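Peer 1: What follows is query-v7.txt; its format and atoms are compact mmCIF, C-alpha atoms and all ligand atoms.
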```
# COMPACT_ATOMS: atom_id res chain seq x y z
CA MET A 396 0.00 0.00 0.00
CA ALA A 397 2.75 2.44 1.00
CA GLU A 398 4.17 2.32 -2.58
CA GLU A 399 0.90 3.62 -4.03
CA LYS A 400 0.59 6.71 -1.95
CA LEU A 401 1.02 10.14 -3.44
CA ARG A 402 4.13 12.08 -2.55
CA GLY A 403 5.57 15.55 -3.09
CA TRP A 404 3.81 17.59 -5.77
CA ASP A 405 1.23 14.90 -6.60
CA PHE A 406 0.25 14.82 -2.97
CA TRP A 407 0.25 18.61 -2.72
CA LYS A 408 -2.06 18.90 -5.74
CA SER A 409 -4.32 16.20 -4.31
CA ILE A 410 -4.98 18.40 -1.27
CA GLY A 411 -5.74 21.43 -3.45
CA SER A 412 -2.32 23.14 -3.50
CA PRO A 413 -3.09 25.11 -0.34
CA LYS A 414 -1.56 28.58 0.06
CA TYR A 415 -2.81 29.57 3.50
CA VAL A 416 -1.78 27.44 6.42
CA CYS A 417 -2.68 27.39 10.11
CA ALA A 418 0.41 26.47 12.14
CA PRO A 419 0.69 23.63 14.64
CA MET A 420 0.18 25.21 18.07
CA VAL A 421 0.18 23.34 21.36
CA ASP A 422 -3.18 23.84 23.06
CA GLN A 423 -4.23 26.34 20.38
CA SER A 424 -4.59 24.74 16.92
CA GLU A 425 -7.25 22.41 18.28
CA LEU A 426 -10.27 21.37 16.24
CA ALA A 427 -12.52 24.34 17.10
CA PHE A 428 -9.83 26.87 16.20
CA ARG A 429 -8.95 25.03 12.99
CA MET A 430 -12.60 25.04 11.96
CA LEU A 431 -12.90 28.76 12.65
CA CYS A 432 -9.79 29.49 10.57
CA ARG A 433 -11.11 27.33 7.73
CA ARG A 434 -14.23 29.50 7.54
CA TYR A 435 -11.95 32.47 6.89
CA GLY A 436 -9.52 31.38 4.23
CA THR A 437 -7.22 28.83 5.86
CA GLU A 438 -6.69 26.00 3.37
CA LEU A 439 -4.51 23.62 5.39
CA ALA A 440 -4.19 23.19 9.15
CA TYR A 441 -1.86 21.31 11.47
CA THR A 442 -2.87 19.71 14.76
CA PRO A 443 -1.05 20.84 17.89
CA MET A 444 2.17 18.91 18.46
CA LEU A 445 1.46 15.44 19.80
CA HIS A 446 4.08 13.76 21.96
CA SER A 447 4.81 10.45 20.22
CA ARG A 448 5.70 8.44 23.33
CA MET A 449 2.68 9.63 25.26
CA PHE A 450 0.42 9.22 22.25
CA SER A 451 1.57 5.66 21.66
CA THR A 452 1.29 4.57 25.30
CA GLN A 453 -1.55 6.58 26.90
CA PRO A 454 -5.11 6.18 25.61
CA LYS A 455 -6.23 9.12 27.78
CA TYR A 456 -3.65 11.42 26.19
CA ARG A 457 -4.72 10.26 22.73
CA LYS A 458 -8.35 10.95 23.45
CA GLU A 459 -7.68 14.37 24.94
CA GLN A 460 -5.13 15.57 22.42
CA PHE A 461 -6.44 14.47 19.04
CA SER A 462 -9.85 15.16 17.61
CA THR A 463 -11.08 15.90 14.13
CA CYS A 464 -14.24 15.83 12.03
CA PRO A 465 -14.94 15.15 8.34
CA GLU A 466 -14.80 18.87 7.44
CA ASP A 467 -11.42 19.31 9.11
CA ARG A 468 -9.42 18.63 5.94
CA PRO A 469 -6.77 18.82 4.77
CA VAL A 470 -5.07 18.33 8.11
CA PHE A 471 -1.52 17.29 9.06
CA ALA A 472 -0.98 15.58 12.42
CA GLN A 473 2.23 16.76 14.00
CA PHE A 474 4.35 14.58 16.29
CA CYS A 475 7.51 15.14 18.23
CA GLY A 476 9.98 12.44 19.12
CA ASP A 477 13.49 11.18 18.51
CA ASP A 478 12.86 7.50 17.82
CA PRO A 479 11.56 6.28 14.44
CA GLN A 480 9.63 3.31 15.86
CA THR A 481 7.96 5.38 18.57
CA VAL A 482 6.86 8.09 16.15
CA LEU A 483 5.66 5.41 13.74
CA ALA A 484 3.73 3.58 16.46
CA ALA A 485 2.07 6.85 17.49
CA ALA A 486 1.14 7.77 13.92
CA LYS A 487 -0.36 4.33 13.35
CA LEU A 488 -2.70 4.92 16.28
CA LEU A 489 -4.38 7.85 14.53
CA PRO A 490 -7.87 6.83 13.39
CA PRO A 491 -7.50 5.36 9.86
CA GLY A 492 -7.97 7.96 7.14
CA SER A 493 -8.24 10.81 9.62
CA VAL A 494 -5.26 12.89 8.45
CA ASP A 495 -3.63 13.80 5.15
CA ALA A 496 -0.01 13.68 6.32
CA VAL A 497 2.12 13.09 9.40
CA ASP A 498 4.51 15.89 10.29
CA LEU A 499 7.64 15.76 12.42
CA ASN A 500 8.26 18.72 14.71
CA CYS A 501 11.86 19.87 14.34
CA GLY A 502 11.11 23.46 15.26
CA CYS A 503 10.21 23.60 18.94
CA PRO A 504 12.88 25.70 20.72
CA GLN A 505 11.51 25.38 24.26
CA GLY A 506 13.47 24.03 27.22
CA ILE A 507 11.09 21.08 27.43
CA ALA A 508 12.15 20.07 23.90
CA ARG A 509 15.81 20.24 24.90
CA LYS A 510 15.12 18.01 27.92
CA GLY A 511 12.98 15.66 25.85
CA HIS A 512 15.45 15.60 22.93
CA TYR A 513 13.03 16.64 20.22
CA GLY A 514 11.94 19.66 18.16
CA ALA A 515 14.65 22.13 17.12
CA TYR A 516 17.19 20.28 19.28
CA LEU A 517 17.31 17.60 16.58
CA LEU A 518 18.43 20.07 13.91
CA SER A 519 22.06 19.42 14.78
CA GLU A 520 21.46 15.66 14.45
CA PRO A 521 20.32 15.21 10.86
CA ASP A 522 20.80 11.41 11.07
CA VAL A 523 18.07 11.24 13.71
CA ILE A 524 15.60 13.33 11.71
CA GLU A 525 16.42 11.46 8.52
CA GLY A 526 15.83 8.11 10.23
CA ILE A 527 12.38 9.15 11.42
CA VAL A 528 11.34 10.67 8.09
CA SER A 529 12.41 7.66 6.03
CA THR A 530 10.68 5.25 8.42
CA LEU A 531 7.44 7.23 8.26
CA ASP A 532 7.69 7.52 4.49
CA LYS A 533 8.19 3.78 4.08
CA GLU A 534 5.68 2.55 6.63
CA LEU A 535 2.75 4.94 6.64
CA SER A 536 -0.04 5.11 4.09
CA VAL A 537 0.10 8.93 4.18
CA PRO A 538 3.06 11.16 3.28
CA SER A 539 5.52 12.38 5.88
CA THR A 540 6.41 16.06 6.22
CA VAL A 541 8.81 18.04 8.41
CA LYS A 542 8.69 21.45 10.06
CA ILE A 543 12.12 22.91 10.75
CA ARG A 544 13.80 26.15 11.79
CA LEU A 545 17.02 27.58 10.39
CA VAL A 546 19.84 25.42 11.72
CA ASN A 547 21.84 28.54 12.59
CA ASN A 548 22.07 32.07 11.28
CA HIS A 549 25.75 32.26 10.35
CA GLU A 550 25.94 29.32 7.93
CA LEU A 551 23.02 28.90 5.55
CA GLN A 552 24.76 25.90 4.04
CA ASP A 553 23.90 23.86 7.15
CA THR A 554 20.20 24.44 6.55
CA LEU A 555 20.57 23.71 2.83
CA ASN A 556 22.37 20.45 3.54
CA LEU A 557 19.67 19.44 5.98
CA VAL A 558 16.76 20.11 3.61
CA SER A 559 18.44 18.15 0.83
CA ARG A 560 18.85 15.20 3.17
CA LEU A 561 15.22 15.42 4.26
CA GLU A 562 14.01 15.50 0.68
CA ALA A 563 16.17 12.47 -0.13
CA ALA A 564 14.85 10.69 2.97
CA GLY A 565 11.31 10.95 1.63
CA ALA A 566 9.81 14.13 3.06
CA SER A 567 6.89 15.13 0.84
CA VAL A 568 6.53 18.70 2.12
CA LEU A 569 8.80 20.95 4.17
CA CYS A 570 7.89 23.88 6.32
CA LEU A 571 10.67 26.31 7.22
CA HIS A 572 10.36 28.79 10.05
CA GLY A 573 12.88 31.47 9.08
CA ARG A 574 14.35 31.85 12.56
CA THR A 575 16.84 29.86 14.61
CA LYS A 576 15.93 28.15 17.87
CA GLU A 577 17.65 30.93 19.77
CA MET A 578 15.20 33.44 18.29
CA LYS A 579 12.30 33.14 20.70
CA GLY A 580 10.43 35.25 23.26
CA GLN A 581 11.92 38.72 23.46
CA PHE A 582 14.71 37.59 21.10
CA THR A 583 12.25 36.60 18.35
CA GLY A 584 13.43 39.20 15.81
CA PRO A 585 12.63 39.25 12.10
CA ALA A 586 12.27 36.06 10.07
CA ASP A 587 14.85 35.50 7.33
CA TRP A 588 12.86 35.30 4.10
CA ASP A 589 16.06 35.27 2.02
CA ALA A 590 17.02 31.99 3.66
CA ILE A 591 13.56 30.60 2.88
CA ALA A 592 14.03 31.68 -0.76
CA ALA A 593 17.36 29.83 -0.86
CA VAL A 594 15.73 26.68 0.50
CA ARG A 595 12.93 27.03 -2.07
CA LYS A 596 15.59 26.97 -4.79
CA ARG A 597 17.36 23.98 -3.21
CA VAL A 598 14.50 21.48 -2.85
CA GLY A 599 12.11 20.02 -5.40
CA ILE A 600 9.18 19.47 -3.04
CA PRO A 601 6.49 21.88 -1.81
CA LEU A 602 7.75 24.41 0.73
CA ILE A 603 5.73 26.30 3.32
CA ALA A 604 7.24 29.58 4.59
CA ASN A 605 6.73 30.50 8.21
CA GLY A 606 7.59 33.61 10.23
CA GLY A 607 7.18 37.35 9.92
CA ILE A 608 3.49 37.40 9.05
CA GLN A 609 1.38 40.07 10.69
CA THR A 610 -1.09 41.08 7.99
CA PHE A 611 -2.45 39.73 4.72
CA GLN A 612 -0.08 42.09 2.91
CA ASP A 613 2.77 40.23 4.62
CA VAL A 614 1.36 36.94 3.32
CA GLU A 615 1.49 38.15 -0.26
CA ARG A 616 4.89 39.74 0.23
CA CYS A 617 6.25 36.55 1.75
CA LEU A 618 5.00 34.39 -1.13
CA GLN A 619 6.64 36.76 -3.57
CA ALA A 620 9.92 37.21 -1.69
CA THR A 621 10.47 33.53 -0.91
CA GLY A 622 8.85 31.77 -3.87
CA ALA A 623 7.35 29.41 -1.28
CA ASN A 624 4.20 27.51 -2.19
CA ALA A 625 2.33 28.48 0.94
CA VAL A 626 2.53 30.67 3.99
CA MET A 627 1.98 29.45 7.53
CA SER A 628 0.88 31.74 10.31
CA SER A 629 0.72 31.15 14.02
CA GLU A 630 0.63 34.20 16.25
CA ALA A 631 -1.07 36.59 13.83
CA LEU A 632 -3.73 33.96 13.13
CA LEU A 633 -4.26 33.43 16.84
CA GLU A 634 -4.95 37.11 17.18
CA TYR A 635 -6.98 37.39 14.00
CA PRO A 636 -8.29 34.05 12.62
CA ALA A 637 -9.56 35.82 9.47
CA LEU A 638 -6.00 36.83 8.54
CA PHE A 639 -6.20 34.82 5.30
CA CYS A 640 -9.52 36.34 4.27
CA PRO A 641 -8.83 39.82 2.87
CA THR A 642 -12.19 40.06 1.15
CA ARG A 643 -14.39 39.86 4.20
CA SER A 644 -14.37 42.29 7.11
CA VAL A 645 -15.07 40.96 10.55
CA TYR A 646 -14.49 42.25 14.05
CA GLN A 647 -12.45 40.24 16.52
CA ASP A 648 -15.24 40.27 19.09
CA GLU A 649 -17.51 38.61 16.49
CA LEU A 650 -14.83 36.03 15.79
CA ALA A 651 -14.50 35.37 19.52
CA LEU A 652 -18.22 34.64 19.82
CA GLU A 653 -18.16 32.48 16.70
CA TYR A 654 -15.22 30.55 18.12
CA LEU A 655 -17.09 30.03 21.39
CA GLU A 656 -19.90 28.25 19.54
CA LEU A 657 -17.38 25.96 17.87
CA ALA A 658 -15.59 25.38 21.17
CA LYS A 659 -18.88 24.33 22.72
CA LEU A 660 -19.67 22.03 19.80
CA TYR A 661 -16.26 20.34 19.91
CA GLN A 662 -15.98 20.41 23.71
CA THR A 663 -12.76 22.35 23.88
CA PRO A 664 -11.18 22.48 27.37
CA HIS A 665 -11.90 25.79 29.12
CA LYS A 666 -8.23 26.57 29.61
CA GLN A 667 -7.69 26.53 25.86
CA ILE A 668 -10.81 28.60 25.23
CA LYS A 669 -9.60 31.26 27.66
CA ALA A 670 -6.18 31.39 26.04
CA HIS A 671 -7.90 32.02 22.71
CA MET A 672 -9.96 34.83 24.21
CA PHE A 673 -6.81 36.56 25.44
CA HIS A 674 -5.26 36.25 21.98
CA PHE A 675 -8.33 37.39 20.02
CA LEU A 676 -9.11 40.29 22.31
CA TYR A 677 -5.59 41.27 23.38
CA ALA A 678 -5.76 44.92 22.29
CA GLY A 679 -9.19 45.65 23.81
CA LEU A 680 -8.32 43.89 27.06
CA GLN A 681 -5.40 46.30 27.55
CA LEU A 682 -8.06 48.97 27.85
CA HIS A 683 -10.86 47.08 29.58
CA THR A 684 -8.85 45.45 32.33
CA ASP A 685 -11.99 44.57 34.32
CA LEU A 686 -13.02 42.27 31.46
CA ARG A 687 -9.55 40.77 31.36
CA GLN A 688 -10.12 39.87 34.99
CA ALA A 689 -13.58 38.51 34.17
CA PHE A 690 -12.08 36.17 31.56
CA GLY A 691 -9.37 35.15 33.99
CA GLU A 692 -11.86 34.28 36.70
CA ALA A 693 -14.49 32.68 34.46
CA LYS A 694 -15.27 29.15 35.60
CA GLY A 695 -16.86 27.50 32.58
CA TRP A 696 -18.11 28.06 29.04
CA ASP A 697 -21.14 30.12 30.16
CA GLN A 698 -19.02 32.56 32.14
CA ILE A 699 -16.45 32.88 29.37
CA ASN A 700 -19.29 33.51 26.93
CA ALA A 701 -20.80 36.15 29.24
CA ALA A 702 -17.44 37.95 29.40
CA ALA A 703 -17.18 37.82 25.60
CA MET A 704 -20.68 39.29 25.24
CA ALA A 705 -19.80 42.04 27.74
CA PHE A 706 -16.65 42.72 25.73
CA GLN A 707 -18.66 43.03 22.54
CA GLU A 708 -21.04 45.52 24.14
CA ARG A 709 -18.11 47.55 25.52
CA ARG A 710 -16.54 47.52 22.08
CA ARG A 711 -19.79 48.71 20.51
CA GLN A 712 -19.93 51.62 22.94
CA ASP A 713 -16.30 52.50 22.23
CA ARG A 714 -17.00 52.58 18.53
CA GLU A 715 -20.06 54.74 19.04
CA LEU A 716 -18.13 57.19 21.21
CA GLY A 717 -15.07 57.09 18.96
CA ASN A 718 -12.84 55.94 21.84
CA PRO A 719 -9.39 55.02 20.54
CA TRP A 720 -8.00 51.55 21.18
CA PRO A 721 -4.44 50.58 22.07
CA ASP A 722 -2.54 50.33 18.81
CA LYS A 723 -0.32 47.45 19.86
CA GLY A 724 -1.65 43.98 19.16
CA TRP A 725 -0.56 40.65 20.60
CA TYR A 726 1.63 39.89 17.60
CA MET A 727 3.71 42.99 18.26
CA ARG A 728 4.35 42.38 21.94
CA TYR A 729 7.90 41.09 21.41
CA ARG A 730 8.56 42.61 18.04
CA GLU A 731 11.23 45.20 17.50
CA PRO A 732 10.28 48.33 15.64
CA LEU A 733 10.43 47.42 11.99
CA GLY A 734 13.53 48.20 9.94
CA LYS A 735 13.77 50.99 7.42
CA LYS A 736 13.33 48.77 4.39
CA ARG A 737 10.18 47.28 5.79
CA LYS A 738 8.84 50.71 6.65
CA ALA A 739 9.27 51.77 3.06
CA ASP A 740 7.60 48.57 1.87
CA ASP A 741 4.74 49.26 4.19
CA ALA A 742 4.20 52.84 3.14
CA ALA A 743 0.89 51.84 1.60
CA GLY A 744 -0.29 49.66 4.40
CA ALA A 745 0.09 48.23 7.79
CA THR A 746 2.83 50.17 9.52
CA GLU A 747 3.91 53.72 9.93
CA ALA A 748 7.03 55.25 11.43
CA SER A 749 6.75 57.82 14.16
CA PRO A 750 8.18 61.24 13.39
CA LYS A 751 11.37 60.31 15.26
CA GLY A 752 11.65 57.08 13.30
CA ASP A 753 12.41 55.14 16.46
CA ASP A 754 9.03 53.66 17.03
CA VAL A 755 6.35 52.02 14.99
CA LYS A 756 2.67 52.61 15.13
CA VAL A 757 0.49 49.76 13.99
CA PRO A 758 -2.94 51.12 13.23
CA ARG A 759 -4.29 47.73 12.24
CA THR A 760 -4.57 45.84 15.45
CA GLU A 761 -7.57 44.33 13.72
CA PRO A 762 -6.28 43.71 10.21
CA ASN A 763 -9.01 43.58 7.55
CA THR A 764 -11.70 44.45 10.06
CA PRO A 765 -14.42 46.95 9.24
CA GLU A 766 -12.46 49.45 11.36
CA SER A 767 -9.22 49.04 9.48
CA ASN A 768 -11.12 49.44 6.21
CA GLU A 769 -12.76 52.57 7.53
CA ALA A 770 -9.36 53.86 8.59
CA GLU A 771 -8.04 53.22 5.10
CA SER A 772 -10.86 55.03 3.44
CA VAL A 773 -10.37 58.31 5.32
C1 LIG B 1 0.93 29.13 21.24
C2 LIG B 1 1.93 28.53 20.28
C3 LIG B 1 2.08 27.16 20.22
C4 LIG B 1 2.98 26.59 19.32
N1 LIG B 1 3.06 25.24 19.22
C5 LIG B 1 3.79 24.67 18.22
C6 LIG B 1 3.71 23.29 17.95
O1 LIG B 1 2.95 22.54 18.59
N2 LIG B 1 4.48 22.78 16.95
C7 LIG B 1 5.30 23.58 16.18
O2 LIG B 1 5.96 23.08 15.27
N3 LIG B 1 5.37 24.90 16.40
C8 LIG B 1 4.62 25.47 17.38
N4 LIG B 1 4.62 26.83 17.55
C9 LIG B 1 5.42 27.66 16.63
C10 LIG B 1 4.56 28.11 15.42
O3 LIG B 1 4.04 26.99 14.73
C11 LIG B 1 5.36 28.99 14.46
O4 LIG B 1 6.39 28.24 13.90
C12 LIG B 1 5.96 30.22 15.13
O5 LIG B 1 5.05 30.82 16.03
C13 LIG B 1 6.37 31.26 14.10
O6 LIG B 1 5.27 31.66 13.32
P1 LIG B 1 4.61 33.12 13.47
O7 LIG B 1 5.71 34.12 13.22
O8 LIG B 1 3.51 33.16 12.44
O9 LIG B 1 4.09 33.24 14.87
C14 LIG B 1 3.76 27.42 18.47
C15 LIG B 1 3.60 28.81 18.56
C16 LIG B 1 2.70 29.37 19.44
C17 LIG B 1 2.54 30.86 19.49
```
Written as structure tokens, how would this file's structure read?
Peer 2:
Amino acid sequence: MAEEKLRGWDFWKSIGSPKYVCAPMVDQSELAFRMLCRRYGTELAYTPMLHSRMFSTQPKYRKEQFSTCPEDRPVFAQFCGDDPQTVLAAAKLLPPGSVDAVDLNCGCPQGIARKGHYGAYLLSEPDVIEGIVSTLDKELSVPSTVKIRLVNNHELQDTLNLVSRLEAAGASVLCLHGRTKEMKGQFTGPADWDAIAAVRKRVGIPLIANGGIQTFQDVERCLQATGANAVMSSEALLEYPALFCPTRSVYQDELALEYLELAKLYQTPHKQIKAHMFHFLYAGLQLHTDLRQAFGEAKGWDQINAAAMAFQERRRQDRELGNPWPDKGWYMRYREPLGKKRKADDAAGATEASPKGDDVKVPRTEPNTPESNEAESV
């Protein structure tokens, strides 16, 4: 059976050559969120990272961490691990036919990944990654894919060597986050789209670019600058799930309420729902700190929903009164002011330098929303 499966471009075409991708996100790219994103332009979504050893040995973990539905396609299930047989055993426990591909996480930079010997800490051990990818490619009925970061930022050749080896090992699709594992938290910094472009030229399989996406304009710019086949977003999509839908205007408070219905339908744990609320409503909650507290203290779905309705009413009043909102969204919380080149690129759109040139104002905390469109039209 494994010989007959589609790989590389044939596989990519079979899932509709997606351009807009929802990133794997622990506790956040769960079914309800994926389904919300799909309503607003997302064409491919990853599950949150699943721990292969826990998934293969703990039925409770499996039940809690993986869920899908027929409309949740195409979907890639992402695993972490350092042992080919363990990752394979985990992937084989996915319900038959439930996913389109199995992805290996080689991008997680967190301390827990260092301790667990997985994620970006495997980037310096290409033999290990290669062994897992070739095992998955040979043994699974669906293609195997890999999500990586830049191996380092002083020697691009290391990343190029790695991607060639992964392609040769049987990876059908690669996703490259254009940052190194050291670039996280307050050290996040800009993503290196030139490096992604170099990888695009090196490999002959579909490539997804990741990193540096704040607005839909960034999506288009990234596709052009890198030549990648698709763009993946994580943080900007968490803040604005309609990121990939430039043609439809929708407020974040509406998206929050829409998400809540999906979260109820798919029985999303309350902790995850709350985290989504803080991401969707980040800017407004800087202003309405009492509602931030209400979300924090909410005990179950009903109370979270009540806080979201109160938020929407507050937002309506603010709009009516013309009250300004904080201009810094969640995506920008660690970001440095943008460089000169980017400011020039953005002259028509999302960002604007302050008169001193040392700060950046981001008028679109709600990209593509009715407000941002209004702002553009004045
Ligand atoms: C809340 C959160 C959870 C994440 N979980 C995962 C994960 O499970 N697997 C993974 O490969 N990357 C994970 N990431 C990293 C993202 O997939 C993505 O590579 C990174 O955020 C850069 O994309 P961005 O610039 O669009 O945010 C996570 C990121 C966030 C913000």
Peer 1: Got a sec to check which residues lie within 9 Å of ligand LIG 1 (chain B), using only C-alpha atoms and all ligand atoms, and send them as a ChimeraX atom specification?
Peer 2: /A:417-424,441-445,473-475,498-504,514-515,541-544,570-574,579,583,585-586,605-609,626-633,670,726
Peer 1: Choose the residue, out of A:Leu517, A:Ile668, A:Ala604, A:Val614, that has the smallest atom-to-atom separation from Glu425 in chain A; count all atoms listed in the file.
Peer 2: A:Ile668
Peer 1: Using CA of Glu466 in chain A and CA of Leu650 in chain A as the two end points, give the distance in Å to one decimal.
Peer 2: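 Going from CA of Glu466 in chain A over to CA of Leu650 in chain A covers 19.1 Å.
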Peer 1: Which distance in Å separates CA of Thr540 in chain A and CA of Lys458 in chain A, to one decimal?
Peer 2: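 Separation of CA of Thr540 in chain A and CA of Lys458 in chain A: 23.3 Å.
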Peer 1: What lies within 6 Å of Gly436 in chain A using all atoms listed in the file, ignoring chain neighbours under 2 positions off, as a ChimeraX atom specification?
Peer 2: /A:433,639-640
Peer 1: Quick one: of A:Ser567, A:Gln453, A:Gln619, A:Gln688, who's nearest to Asp589 in chain A, counting only C-alpha atoms?
Peer 2: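 With only C-alpha atoms as the atom set, the closest residue is A:Gln619.
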Peer 1: Restricting the calculation to all atoms listed in the file, which member of A:Lys596, A:Lys408, A:Arg616, A:Lys400 is positioned closest to Glu534 in chain A?
Peer 2: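 Looking only at the distances to Glu534 in chain A, the closest residue turns out to be A:Lys400.
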Peer 1: Between A:Asn700, A:Ser539, A:Ser529, A:Gln505, which has the minimum distance to Phe406 in chain A (counting all atoms listed in the file)?
Peer 2: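 Among A:Asn700, A:Ser539, A:Ser529, A:Gln505, it is A:Ser539 that comes nearest to Phe406 in chain A.
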Peer 1: Counting all atoms listed in the file, which of A:Asp553, A:Glu438, A:Glu615, A:Asp467 gets nearest to Pro413 in chain A?
Peer 2: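 Checking each candidate against Pro413 in chain A, we get A:Glu438 as the closest.
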Peer 1: Smallest atom-to-atom distance to Leu561 in chain A: which of A:Thr530, A:Gln698, A:Thr463, A:Gln662, using only C-alpha atoms?
Peer 2: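 Using only C-alpha atoms, the shortest distance to Leu561 in chain A belongs to A:Thr530.
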Peer 1: Could you work out how far CA of His512 in chain A lies from CA of Ala496 in chain A, giving the answer in Å with one decimal?
Peer 2: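 Separation of CA of Ala496 in chain A and CA of His512 in chain A: 22.8 Å.
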Peer 1: Which residues are close to Val546 in chain A, i.e. within 7 Å by all atoms listed in the file, leaving aside same-chain residues fewer than 5 positions away? Reply as a PyMOL selection string.
Peer 2: chain A and resi 518+553-554+575
Peer 1: If you keep C-alpha atoms, can you produce a file of those selected residues as a compact mmCIF listing (two decimals), in the frame of the given file?
Peer 2:
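Here's the written file again-v3.txt:
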```
# COMPACT_ATOMS: atom_id res chain seq x y z
CA LEU A 518 18.43 20.07 13.91
CA ASP A 553 23.90 23.86 7.15
CA THR A 554 20.20 24.44 6.55
CA THR A 575 16.84 29.86 14.61
```
Peer 1: Is it possible to get the residues within 10 Å of (-3.0, 24.0, -2.8) (coordinates as in the file, counting only C-alpha atoms) written as a PyMOL selection string?
Peer 2: chain A and resi 404+406-416+438-439+469+601+624-625
Peer 1: Residues within 8 Å of Trp720 in chain A, please, as number ranges by chain. Count only C-alpha atoms; anything in the same chain fewer than 5 positions from it doesn't count.
Peer 2: A: 678-679, 682
